file target-v8.txt (compact mmCIF, C-alpha atoms)
# COMPACT_ATOMS: atom_id res chain seq x y z
CA MET A 1 -33.36 362.50 81.88
CA ASP A 2 -36.30 362.63 84.32
CA ILE A 3 -34.09 361.25 87.11
CA ILE A 4 -31.47 363.96 86.47
CA LYS A 5 -34.18 366.68 86.34
CA ASN A 6 -35.72 365.51 89.62
CA TYR A 7 -32.27 365.39 91.25
CA ILE A 8 -31.55 368.98 90.20
CA THR A 9 -35.00 370.16 91.35
CA ASP A 10 -34.64 368.44 94.72
CA ASN A 11 -31.21 369.99 95.23
CA ASN A 12 -32.60 373.46 94.42
CA ILE A 13 -35.36 373.05 96.99
CA VAL A 14 -32.86 371.91 99.60
CA ASP A 15 -30.61 374.85 98.78
CA LEU A 16 -33.54 377.25 99.06
CA LEU A 17 -34.56 375.78 102.40
CA ILE A 18 -31.02 375.99 103.72
CA SER A 19 -30.62 379.55 102.43
CA GLY A 20 -33.97 380.55 103.92
CA ALA A 21 -33.12 379.00 107.26
CA ILE A 22 -29.75 380.79 107.31
CA ASN A 23 -31.45 384.11 106.50
CA VAL A 24 -33.99 383.58 109.27
CA LEU A 25 -31.22 382.80 111.76
CA ILE A 26 -29.24 385.86 110.66
CA ALA A 27 -32.37 388.03 110.94
CA LEU A 28 -33.01 386.71 114.46
CA ALA A 29 -29.37 387.36 115.35
CA ILE A 30 -29.67 390.92 114.00
CA PHE A 31 -32.79 391.47 116.09
CA VAL A 32 -31.30 390.05 119.30
CA ILE A 33 -28.03 391.93 118.90
CA GLY A 34 -29.96 395.05 117.89
CA LYS A 35 -32.00 394.95 121.10
CA TRP A 36 -28.76 394.70 123.07
CA VAL A 37 -27.29 397.62 121.11
CA ALA A 38 -30.46 399.66 121.77
CA LYS A 39 -30.18 399.02 125.50
CA VAL A 40 -26.47 399.86 125.56
CA SER A 41 -27.09 403.03 123.52
CA GLN A 42 -29.84 404.11 125.90
CA ASN A 43 -27.71 403.51 128.99
CA THR A 44 -24.66 405.22 127.46
CA LEU A 45 -26.62 408.30 126.43
CA GLU A 46 -28.32 408.54 129.84
CA ASN A 47 -24.99 408.25 131.66
CA ILE A 48 -23.43 410.97 129.49
CA LEU A 49 -26.38 413.31 130.02
CA ARG A 50 -26.42 412.71 133.78
CA LYS A 51 -22.70 413.49 134.00
CA ARG A 52 -23.50 416.79 132.30
CA HIS A 53 -26.20 417.39 134.96
CA VAL A 54 -29.07 417.31 132.47
CA ASP A 55 -32.55 417.16 133.99
CA ASP A 56 -33.61 413.59 134.86
CA VAL A 57 -36.91 413.91 133.00
CA LEU A 58 -35.13 414.90 129.78
CA VAL A 59 -32.56 412.13 130.30
CA ASP A 60 -35.21 409.42 130.60
CA PHE A 61 -37.20 410.78 127.66
CA LEU A 62 -34.22 411.02 125.30
CA GLY A 63 -33.01 407.58 126.37
CA THR A 64 -36.37 406.02 125.54
CA ILE A 65 -36.53 407.77 122.15
CA THR A 66 -32.99 406.64 121.31
CA ALA A 67 -33.78 403.02 122.12
CA ALA A 68 -36.95 403.18 120.01
CA LEU A 69 -35.08 404.59 116.99
CA VAL A 70 -32.39 401.89 117.21
CA ILE A 71 -35.10 399.19 117.37
CA VAL A 72 -36.71 400.61 114.20
CA VAL A 73 -33.37 400.44 112.35
CA VAL A 74 -32.81 396.90 113.62
CA VAL A 75 -36.25 395.75 112.46
CA VAL A 76 -35.67 397.25 109.00
CA ALA A 77 -32.29 395.48 108.77
CA ALA A 78 -33.83 392.18 109.88
CA PHE A 79 -36.59 392.38 107.26
CA ASP A 80 -34.02 393.32 104.62
CA GLN A 81 -32.08 390.16 105.50
CA LEU A 82 -35.26 388.16 104.91
CA GLY A 83 -35.54 389.61 101.42
CA ILE A 84 -38.14 392.27 102.15
CA PRO A 85 -36.81 395.55 100.69
CA ALA A 86 -36.64 398.50 103.04
CA THR A 87 -38.79 400.59 100.70
CA SER A 88 -41.55 397.99 100.74
CA PHE A 89 -41.24 397.66 104.50
CA MET A 90 -41.45 401.42 104.99
CA ALA A 91 -44.49 401.56 102.70
CA ILE A 92 -46.16 398.89 104.82
CA ILE A 93 -45.19 400.75 107.97
CA GLY A 94 -46.57 403.99 106.51
CA ALA A 95 -49.90 402.43 105.63
CA ALA A 96 -50.10 400.68 108.97
CA GLY A 97 -49.04 403.87 110.72
CA LEU A 98 -51.92 405.80 109.13
CA ALA A 99 -54.44 403.20 110.26
CA ILE A 100 -52.89 402.96 113.72
CA GLY A 101 -52.71 406.75 113.97
CA LEU A 102 -56.43 407.06 113.32
CA ALA A 103 -57.17 404.34 115.85
CA LEU A 104 -54.76 405.68 118.46
CA LYS A 105 -55.16 409.42 117.99
CA ASP A 106 -55.51 409.91 121.74
CA SER A 107 -52.21 408.10 122.36
CA LEU A 108 -50.49 410.22 119.70
CA SER A 109 -51.91 413.31 121.39
CA ASN A 110 -50.48 412.09 124.68
CA PHE A 111 -47.11 411.51 123.00
CA ALA A 112 -47.09 415.02 121.50
CA SER A 113 -48.05 416.47 124.89
CA GLY A 114 -45.23 414.48 126.51
CA VAL A 115 -42.75 416.02 124.06
CA MET A 116 -44.05 419.51 124.93
CA LEU A 117 -43.81 418.80 128.66
CA VAL A 118 -40.20 417.69 128.25
CA LEU A 119 -39.27 420.66 126.05
CA PHE A 120 -40.92 423.40 128.12
CA ARG A 121 -40.48 421.66 131.51
CA PRO A 122 -43.22 423.25 133.62
CA PHE A 123 -42.19 420.66 136.21
CA THR A 124 -39.53 418.04 136.70
CA LYS A 125 -39.03 414.83 138.63
CA GLY A 126 -39.45 415.38 142.36
CA ASP A 127 -41.58 418.54 142.05
CA PHE A 128 -44.79 418.79 144.06
CA ILE A 129 -47.52 419.88 141.62
CA ASP A 130 -51.25 420.16 141.08
CA ALA A 131 -52.20 419.26 137.50
CA GLY A 132 -54.77 417.18 135.67
CA GLY A 133 -56.93 417.06 138.78
CA VAL A 134 -54.18 415.34 140.82
CA THR A 135 -51.91 416.76 143.51
CA GLY A 136 -48.66 414.90 144.18
CA THR A 137 -44.93 414.55 143.61
CA VAL A 138 -43.76 413.89 140.04
CA ASP A 139 -42.33 410.38 139.82
CA GLU A 140 -41.76 409.95 136.08
CA ILE A 141 -42.70 411.50 132.72
CA ARG A 142 -43.24 408.73 130.18
CA LEU A 143 -43.98 408.88 126.46
CA VAL A 144 -47.76 408.99 126.90
CA SER A 145 -48.34 409.51 130.63
CA THR A 146 -46.97 411.07 133.80
CA THR A 147 -46.94 409.30 137.16
CA LEU A 148 -47.46 411.15 140.43
CA VAL A 149 -47.13 409.97 144.02
CA THR A 150 -49.82 411.47 146.25
CA GLY A 151 -49.37 412.50 149.86
CA ASP A 152 -50.80 409.19 151.07
CA ASN A 153 -48.34 407.29 148.82
CA LYS A 154 -50.71 406.36 146.00
CA LEU A 155 -49.24 406.10 142.49
CA VAL A 156 -51.46 407.96 140.01
CA THR A 157 -50.96 407.78 136.23
CA VAL A 158 -52.24 410.83 134.31
CA PRO A 159 -52.35 411.07 130.47
CA ASN A 160 -49.90 413.66 129.20
CA SER A 161 -52.55 415.45 127.14
CA LEU A 162 -54.61 415.99 130.30
CA MET A 163 -51.53 417.29 132.11
CA TYR A 164 -50.47 419.66 129.32
CA ASN A 165 -53.95 421.04 128.63
CA SER A 166 -54.74 421.76 132.28
CA THR A 167 -53.55 424.48 134.62
CA ILE A 168 -50.28 423.34 136.23
CA THR A 169 -49.42 424.63 139.70
CA ASN A 170 -45.84 423.85 140.65
CA PHE A 171 -45.32 424.26 144.40
CA SER A 172 -41.62 423.38 144.15
CA ALA A 173 -40.62 425.76 141.36
CA ARG A 174 -39.45 428.47 143.78
CA GLU A 175 -37.16 428.11 146.76
CA THR A 176 -39.50 430.03 149.06
CA ARG A 177 -43.26 430.22 149.64
CA ARG A 178 -45.47 432.63 151.53
CA LEU A 179 -47.52 431.19 154.37
CA ASP A 180 -51.02 432.72 154.48
CA VAL A 181 -52.76 432.28 157.85
CA VAL A 182 -55.84 434.05 159.24
CA ILE A 183 -56.42 434.11 163.01
CA GLY A 184 -59.42 435.77 164.65
CA VAL A 185 -59.51 437.22 168.19
CA GLY A 186 -62.33 438.76 170.21
CA TYR A 187 -63.47 442.36 169.89
CA ASP A 188 -62.62 442.96 173.53
CA ASP A 189 -59.00 441.80 173.13
CA ASP A 190 -56.02 444.15 172.93
CA LEU A 191 -55.26 444.29 169.20
CA LYS A 192 -51.75 445.72 169.66
CA LEU A 193 -50.94 442.93 172.12
CA THR A 194 -52.27 440.36 169.64
CA ALA A 195 -50.10 441.76 166.85
CA SER A 196 -47.08 441.82 169.18
CA VAL A 197 -47.53 438.14 170.12
CA LEU A 198 -47.88 437.10 166.47
CA GLU A 199 -44.76 439.09 165.52
CA LYS A 200 -42.83 437.44 168.34
CA ILE A 201 -43.83 433.94 167.17
CA CYS A 202 -42.71 434.69 163.61
CA ARG A 203 -39.46 436.31 164.74
CA GLU A 204 -38.45 433.43 167.01
CA HIS A 205 -39.48 430.53 164.77
CA PRO A 206 -36.27 428.96 163.36
CA LYS A 207 -37.77 428.13 159.95
CA ILE A 208 -39.51 431.43 159.25
CA LEU A 209 -37.27 433.61 157.09
CA ALA A 210 -36.25 437.11 158.11
CA GLU A 211 -36.31 438.20 154.45
CA PRO A 212 -38.75 438.80 152.91
CA ALA A 213 -40.23 440.40 156.00
CA THR A 214 -43.38 439.00 157.62
CA ASN A 215 -46.57 441.02 157.14
CA ILE A 216 -49.18 441.09 159.92
CA PHE A 217 -52.32 443.20 159.59
CA ILE A 218 -56.05 443.21 160.28
CA THR A 219 -57.83 441.83 157.26
CA ASN A 220 -61.45 441.74 158.35
CA LEU A 221 -63.90 442.82 161.04
CA GLY A 222 -66.02 439.69 161.18
CA ASP A 223 -69.35 438.98 162.83
CA SER A 224 -67.67 437.52 165.91
CA SER A 225 -63.96 438.28 165.61
CA VAL A 226 -61.27 440.65 164.47
CA ASP A 227 -59.29 438.72 161.85
CA PHE A 228 -55.51 439.05 161.57
CA ALA A 229 -53.67 438.02 158.39
CA ILE A 230 -50.18 436.63 159.04
CA ARG A 231 -47.91 436.21 156.01
CA PRO A 232 -44.41 434.92 156.81
CA TRP A 233 -42.04 433.40 154.22
CA VAL A 234 -40.57 429.91 154.48
CA LYS A 235 -38.61 427.50 152.35
CA SER A 236 -40.89 425.51 150.04
CA GLY A 237 -39.97 422.22 151.65
CA ASP A 238 -40.83 423.55 155.13
CA TYR A 239 -44.27 424.92 154.22
CA TRP A 240 -46.63 422.36 155.76
CA GLY A 241 -44.53 421.71 158.83
CA VAL A 242 -44.21 425.42 159.64
CA ARG A 243 -47.92 425.98 159.03
CA ALA A 244 -48.95 423.29 161.52
CA ASP A 245 -46.35 424.43 164.06
CA PHE A 246 -47.34 428.08 163.74
CA LEU A 247 -51.06 427.44 164.29
CA GLU A 248 -50.37 425.39 167.41
CA THR A 249 -47.92 427.92 168.85
CA ALA A 250 -50.21 430.86 168.04
CA LYS A 251 -53.13 429.34 169.91
CA LEU A 252 -51.05 428.59 172.99
CA GLU A 253 -49.26 431.97 173.04
CA LEU A 254 -52.39 434.05 172.43
CA GLU A 255 -54.34 432.22 175.12
CA ALA A 256 -51.43 432.73 177.52
CA ALA A 257 -51.54 436.46 176.70
CA GLY A 258 -55.24 436.58 177.56
CA CYS A 259 -56.64 436.68 174.05
CA ASN A 260 -59.81 434.80 173.14
CA PHE A 261 -60.82 432.80 170.09
CA PRO A 262 -64.54 433.54 169.82
CA TYR A 263 -66.99 431.07 168.39
CA PRO A 264 -69.42 432.29 165.74
CA GLN A 265 -72.41 433.63 167.63
CA THR A 266 -75.61 435.55 167.10
CA ASP A 267 -77.21 437.90 169.63
CA VAL A 268 -81.01 437.65 169.75
CA HIS A 269 -82.89 440.57 171.35
CA LEU A 270 -86.49 439.98 172.48
CA HIS A 271 -88.84 442.94 172.83
CA GLN A 272 -92.04 442.54 174.78
CA VAL A 273 -95.03 444.21 173.22
CA SER A 274 -97.83 445.31 175.53
CA GLU A 275 -101.33 444.07 174.88
CA ALA A 276 -102.51 447.63 174.33

call {"tool": "encode", "arguments": {"input": "target-v8.txt", "output": "C-alpha cells"}}
result
Amino acid sequence: MDIIKNYITDNNIVDLLISGAINVLIALAIFVIGKWVAKVSQNTLENILRKRHVDDVLVDFLGTITAALVIVVVVVAAFDQLGIPATSFMAIIGAAGLAIGLALKDSLSNFASGVMLVLFRPFTKGDFIDAGGVTGTVDEIRLVSTTLVTGDNKLVTVPNSLMYNSTITNFSARETRRLDVVIGVGYDDDLKLTASVLEKICREHPKILAEPATNIFITNLGDSSVDFAIRPWVKSGDYWGVRADFLETAKLELEAAGCNFPYPQTDVHLHQVSEA
C-alpha cells in the first residue's frame, strides 16, 4: 500500500510541475504576443490619426497611452494564467499604486500637466517657444516631460509641470510678427529725410509685408539722439533674418544720406571764478 501511495503522490507532483511549467510558458507567450499587439495597436492608431491630419503631439501622446493600456491588459491576462485572480492582482496594483503615487507625486504631477498640454495645446511640435525658463523649438511632448531644441542645437528636457505652470510664449502661433526696431540719429540731422530713408528700406525689402502697414515715428528725444521706432510686419519664420538685414541696410543707407549715429556723450562746461 505504501508503494502505491508513493507512486500516486509522485505522479501528482510531476503533473503539478508539468501543469505549472505549461502555465508559465503560456503566460510568457501571452506577454510576448501582448507586447507585439501593443506595438501594432500603437502604430495602427498613429497611422490612422496622421491620415486624418491630427496634430503630431496628440498622435504621439494617444499612441503611447494606447500601448500602455494594452500592456496592462496583457499583464493581467498573464497573471490570470498563472492562477492569480484579476481581482487580487488589481488589489495589489491598487495598494502598490498608492505607495508609488505618494513616492512619485512629482511624476504624477508631470503626467497630469502633460495631459493638459496635449488637451489645450498652447504649442505643438515644431513651434518656437519660451517656457519653463527655456527658449527653443518643441521636439516632443512626452508623458512627463517636453524636449526642446535650442538655437545652438542643444536638447533640453523640461518637466511638464514646470512647462504648464509657467508663462508660455509661442513665437510660432501666428503667421506674422511685428518687428520692433529703434534707431537714433543726431539732433542736427534732417528728421524728414531720416523717416523717408527708413520708409524706403521697408517698402523695398522683399520680406517686409505691405499689410499691415509699417509704422515709423519718433519715440524719444534722448540725451544724444532722436530715436525713431520702426515697426514693419514680417512672416514669423523670417523674423530674425529680416531684423539683421534691416539693421545693416539702415546703417548703410542712413550714412549714405548724411545722417549720423551719435555716441552717448556729456557736455561739461567749466566756469572760471575770479579770486575776488

call {"tool": "residues_near_point", "arguments": {"input": "target-v8.txt", "point": "(-50.3, 421.9, 127.6)", "cutoff": "12 Å", "atoms": "all atoms listed in the file", "output": "list in words"}}
result
Ser109, Asn110, Phe111, Ala112, Ser113, Gly114, Val115, Met116, Leu117, Val118, Leu119, Phe120, Arg121, Pro122, Phe123, Ala131, Gly132, Pro159, Asn160, Ser161, Leu162, Met163, Tyr164, Asn165, Ser166, Thr167 and Ile168 of chain A

call {"tool": "closest_residue", "arguments": {"input": "target-v8.txt", "among": "A:Arg243, A:Lys207, A:Arg142, A:Arg52", "to": "Ile65 (chain A)", "atoms": "all atoms listed in the file"}}
result
A:Arg142

call {"tool": "atom_distance", "arguments": {"input": "target-v8.txt", "atom1": "CA of Gly186 (chain A)", "atom2": "CA of Ala229 (chain A)"}}
result
14.7 Å

call {"tool": "residues_around", "arguments": {"input": "target-v8.txt", "residues": "Asp245 (chain A)", "least_positions_apart": "3", "cutoff": "12 Å", "atoms": "all atoms listed in the file", "output": "NGL selection string"}}
result
:A and (179 or 181 or 201-202 or 205-208 or 238-242 or 248-252)

call {"tool": "atom_distance", "arguments": {"input": "target-v8.txt", "atom1": "CA of Val32 (chain A)", "atom2": "CA of Thr44 (chain A)"}}
result
18.5 Å

call {"tool": "atom_distance", "arguments": {"input": "target-v8.txt", "atom1": "CA of Glu46 (chain A)", "atom2": "CA of Phe61 (chain A)"}}
result
9.4 Å

call {"tool": "closest_residue", "arguments": {"input": "target-v8.txt", "among": "A:Pro212, A:Gly151, A:Gly133, A:Gly126", "to": "Val234 (chain A)", "atoms": "only C-alpha atoms"}}
result
A:Pro212

call {"tool": "closest_residue", "arguments": {"input": "target-v8.txt", "among": "A:Phe31, A:Trp36, A:Phe217, A:Phe228", "to": "Ala67 (chain A)", "atoms": "all atoms listed in the file"}}
result
A:Trp36

call {"tool": "closest_residue", "arguments": {"input": "target-v8.txt", "among": "A:Leu193, A:Ile141, A:Leu155, A:Val134", "to": "Thr169 (chain A)", "atoms": "all atoms listed in the file"}}
result
A:Val134

call {"tool": "residues_around", "arguments": {"input": "target-v8.txt", "residues": "Asn43 (chain A)", "least_positions_apart": "5", "cutoff": "9 Å", "atoms": "all atoms listed in the file", "output": "list in words"}}
result
Ala38, Ile48 and Gly63 of chain A

call {"tool": "write_last_selection", "arguments": {"input": "target-v8.txt", "atoms": "C-alpha atoms", "output": "PDB file, in the coordinates of the input"}}
result
ATOM      1  CA  ALA A  38     -30.460 399.660 121.770  1.00  0.00           C
ATOM      2  CA  ILE A  48     -23.430 410.970 129.490  1.00  0.00           C
ATOM      3  CA  GLY A  63     -33.010 407.580 126.370  1.00  0.00           C
TER       4      GLY A  63
END

call {"tool": "closest_residue", "arguments": {"input": "target-v8.txt", "among": "A:Ser225, A:Ser19, A:Thr266, A:Ser274", "to": "Asp189 (chain A)", "atoms": "only C-alpha atoms"}}
result
A:Ser225

call {"tool": "residues_around", "arguments": {"input": "target-v8.txt", "residues": "Phe261 (chain A)", "least_positions_apart": "2", "cutoff": "9 Å", "atoms": "only C-alpha atoms", "output": "PDB file with C-alpha atoms, in the frame of the given file"}}
result
ATOM      1  CA  ILE A 183     -56.420 434.110 163.010  1.00  0.00           C
ATOM      2  CA  GLY A 184     -59.420 435.770 164.650  1.00  0.00           C
ATOM      3  CA  VAL A 185     -59.510 437.220 168.190  1.00  0.00           C
ATOM      4  CA  GLY A 186     -62.330 438.760 170.210  1.00  0.00           C
ATOM      5  CA  SER A 225     -63.960 438.280 165.610  1.00  0.00           C
ATOM      6  CA  LYS A 251     -53.130 429.340 169.910  1.00  0.00           C
ATOM      7  CA  LEU A 254     -52.390 434.050 172.430  1.00  0.00           C
ATOM      8  CA  GLU A 255     -54.340 432.220 175.120  1.00  0.00           C
ATOM      9  CA  CYS A 259     -56.640 436.680 174.050  1.00  0.00           C
ATOM     10  CA  TYR A 263     -66.990 431.070 168.390  1.00  0.00           C
TER      11      TYR A 263
END

call {"tool": "closest_residue", "arguments": {"input": "target-v8.txt", "among": "A:Gly258, A:Thr147, A:Glu199, A:Ala244", "to": "Ile230 (chain A)", "atoms": "only C-alpha atoms"}}
result
A:Glu199

call {"tool": "residues_around", "arguments": {"input": "target-v8.txt", "residues": "Asp139 (chain A)", "least_positions_apart": "5", "cutoff": "10 Å", "atoms": "only C-alpha atoms", "output": "list in words"}}
result
Val57, Thr124, Lys125, Gly126, Asp127, Phe128, Thr146, Thr147, Leu148, Val149, Thr150, Leu155, Val156 and Thr157 of chain A

call {"tool": "residues_around", "arguments": {"input": "target-v8.txt", "residues": "Leu28 (chain A)", "least_positions_apart": "5", "cutoff": "12 Å", "atoms": "all atoms listed in the file", "output": "VMD selection string"}}
result
chain A and resid 21 to 23 33 to 35 74 to 75 77 to 82

call {"tool": "build_atoms", "arguments": {"input": "target-v8.txt", "residues": "region 216-248 of chain A", "atoms": "N, CA and C atoms", "output": "mmCIF file, in the frame of the given file"}}
result
data_model
loop_
_atom_site.group_PDB
_atom_site.id
_atom_site.type_symbol
_atom_site.label_atom_id
_atom_site.label_comp_id
_atom_site.auth_asym_id
_atom_site.auth_seq_id
_atom_site.Cartn_x
_atom_site.Cartn_y
_atom_site.Cartn_z
ATOM 1 N N ILE A 216 -48.072 441.409 159.009
ATOM 2 C CA ILE A 216 -49.180 441.090 159.920
ATOM 3 C C ILE A 216 -50.109 442.303 159.948
ATOM 4 N N PHE A 217 -51.372 442.085 159.636
ATOM 5 C CA PHE A 217 -52.320 443.200 159.590
ATOM 6 C C PHE A 217 -53.736 442.669 159.770
ATOM 7 N N ILE A 218 -54.642 443.577 160.135
ATOM 8 C CA ILE A 218 -56.050 443.210 160.280
ATOM 9 C C ILE A 218 -56.675 443.151 158.883
ATOM 10 N N THR A 219 -57.273 442.027 158.601
ATOM 11 C CA THR A 219 -57.830 441.830 157.260
ATOM 12 C C THR A 219 -59.341 441.897 157.212
ATOM 13 N N ASN A 220 -59.996 441.753 158.388
ATOM 14 C CA ASN A 220 -61.450 441.740 158.350
ATOM 15 C C ASN A 220 -62.026 441.968 159.751
ATOM 16 N N LEU A 221 -63.117 442.699 159.813
ATOM 17 C CA LEU A 221 -63.900 442.820 161.040
ATOM 18 C C LEU A 221 -65.114 441.921 160.886
ATOM 19 N N GLY A 222 -64.991 440.694 161.397
ATOM 20 C CA GLY A 222 -66.020 439.690 161.180
ATOM 21 C C GLY A 222 -67.206 439.852 162.107
ATOM 22 N N ASP A 223 -68.160 438.950 161.986
ATOM 23 C CA ASP A 223 -69.350 438.980 162.830
ATOM 24 C C ASP A 223 -69.013 438.740 164.295
ATOM 25 N N SER A 224 -67.986 437.890 164.536
ATOM 26 C CA SER A 224 -67.670 437.520 165.910
ATOM 27 C C SER A 224 -66.225 437.769 166.279
ATOM 28 N N SER A 225 -65.384 438.172 165.320
ATOM 29 C CA SER A 225 -63.960 438.280 165.610
ATOM 30 C C SER A 225 -63.304 439.348 164.760
ATOM 31 N N VAL A 226 -62.148 439.796 165.252
ATOM 32 C CA VAL A 226 -61.270 440.650 164.470
ATOM 33 C C VAL A 226 -60.206 439.741 163.866
ATOM 34 N N ASP A 227 -60.141 439.685 162.541
ATOM 35 C CA ASP A 227 -59.290 438.720 161.850
ATOM 36 C C ASP A 227 -57.945 439.331 161.474
ATOM 37 N N PHE A 228 -56.875 438.658 161.911
ATOM 38 C CA PHE A 228 -55.510 439.050 161.570
ATOM 39 C C PHE A 228 -54.999 438.149 160.436
ATOM 40 N N ALA A 229 -54.366 438.768 159.450
ATOM 41 C CA ALA A 229 -53.670 438.020 158.390
ATOM 42 C C ALA A 229 -52.190 437.992 158.713
ATOM 43 N N ILE A 230 -51.614 436.804 158.758
ATOM 44 C CA ILE A 230 -50.180 436.630 159.040
ATOM 45 C C ILE A 230 -49.541 436.006 157.810
ATOM 46 N N ARG A 231 -48.521 436.657 157.260
ATOM 47 C CA ARG A 231 -47.910 436.210 156.010
ATOM 48 C C ARG A 231 -46.385 436.152 156.116
ATOM 49 N N PRO A 232 -45.861 435.127 156.772
ATOM 50 C CA PRO A 232 -44.410 434.920 156.810
ATOM 51 C C PRO A 232 -43.943 434.126 155.588
ATOM 52 N N TRP A 233 -42.640 434.153 155.335
ATOM 53 C CA TRP A 233 -42.040 433.400 154.220
ATOM 54 C C TRP A 233 -41.207 432.248 154.766
ATOM 55 N N VAL A 234 -41.301 431.118 154.077
ATOM 56 C CA VAL A 234 -40.570 429.910 154.480
ATOM 57 C C VAL A 234 -39.988 429.242 153.242
ATOM 58 N N LYS A 235 -39.080 428.321 153.457
ATOM 59 C CA LYS A 235 -38.610 427.500 152.350
ATOM 60 C C LYS A 235 -39.721 426.559 151.899
ATOM 61 N N SER A 236 -39.779 426.296 150.602
ATOM 62 C CA SER A 236 -40.890 425.510 150.040
ATOM 63 C C SER A 236 -41.028 424.158 150.720
ATOM 64 N N GLY A 237 -39.905 423.522 151.026
ATOM 65 C CA GLY A 237 -39.970 422.220 151.650
ATOM 66 C C GLY A 237 -40.446 422.239 153.089
ATOM 67 N N ASP A 238 -40.417 423.426 153.720
ATOM 68 C CA ASP A 238 -40.830 423.550 155.130
ATOM 69 C C ASP A 238 -42.273 424.009 155.283
ATOM 70 N N TYR A 239 -42.965 424.233 154.185
ATOM 71 C CA TYR A 239 -44.270 424.920 154.220
ATOM 72 C C TYR A 239 -45.257 424.270 155.185
ATOM 73 N N TRP A 240 -45.572 422.993 154.972
ATOM 74 C CA TRP A 240 -46.630 422.360 155.760
ATOM 75 C C TRP A 240 -46.236 422.182 157.219
ATOM 76 N N GLY A 241 -44.983 421.863 157.466
ATOM 77 C CA GLY A 241 -44.530 421.710 158.830
ATOM 78 C C GLY A 241 -44.602 423.017 159.614
ATOM 79 N N VAL A 242 -44.165 424.107 158.975
ATOM 80 C CA VAL A 242 -44.210 425.420 159.640
ATOM 81 C C VAL A 242 -45.648 425.856 159.853
ATOM 82 N N ARG A 243 -46.518 425.587 158.898
ATOM 83 C CA ARG A 243 -47.920 425.980 159.030
ATOM 84 C C ARG A 243 -48.564 425.326 160.262
ATOM 85 N N ALA A 244 -48.370 424.008 160.384
ATOM 86 C CA ALA A 244 -48.950 423.290 161.520
ATOM 87 C C ALA A 244 -48.352 423.780 162.835
ATOM 88 N N ASP A 245 -47.032 423.982 162.841
ATOM 89 C CA ASP A 245 -46.350 424.430 164.060
ATOM 90 C C ASP A 245 -46.791 425.831 164.446
ATOM 91 N N PHE A 246 -46.955 426.705 163.460
ATOM 92 C CA PHE A 246 -47.340 428.080 163.740
ATOM 93 C C PHE A 246 -48.744 428.146 164.334
ATOM 94 N N LEU A 247 -49.685 427.397 163.777
ATOM 95 C CA LEU A 247 -51.060 427.440 164.290
ATOM 96 C C LEU A 247 -51.122 426.957 165.746
ATOM 97 N N GLU A 248 -50.383 425.894 166.037
ATOM 98 C CA GLU A 248 -50.370 425.390 167.410
ATOM 99 C C GLU A 248 -49.760 426.410 168.373
#
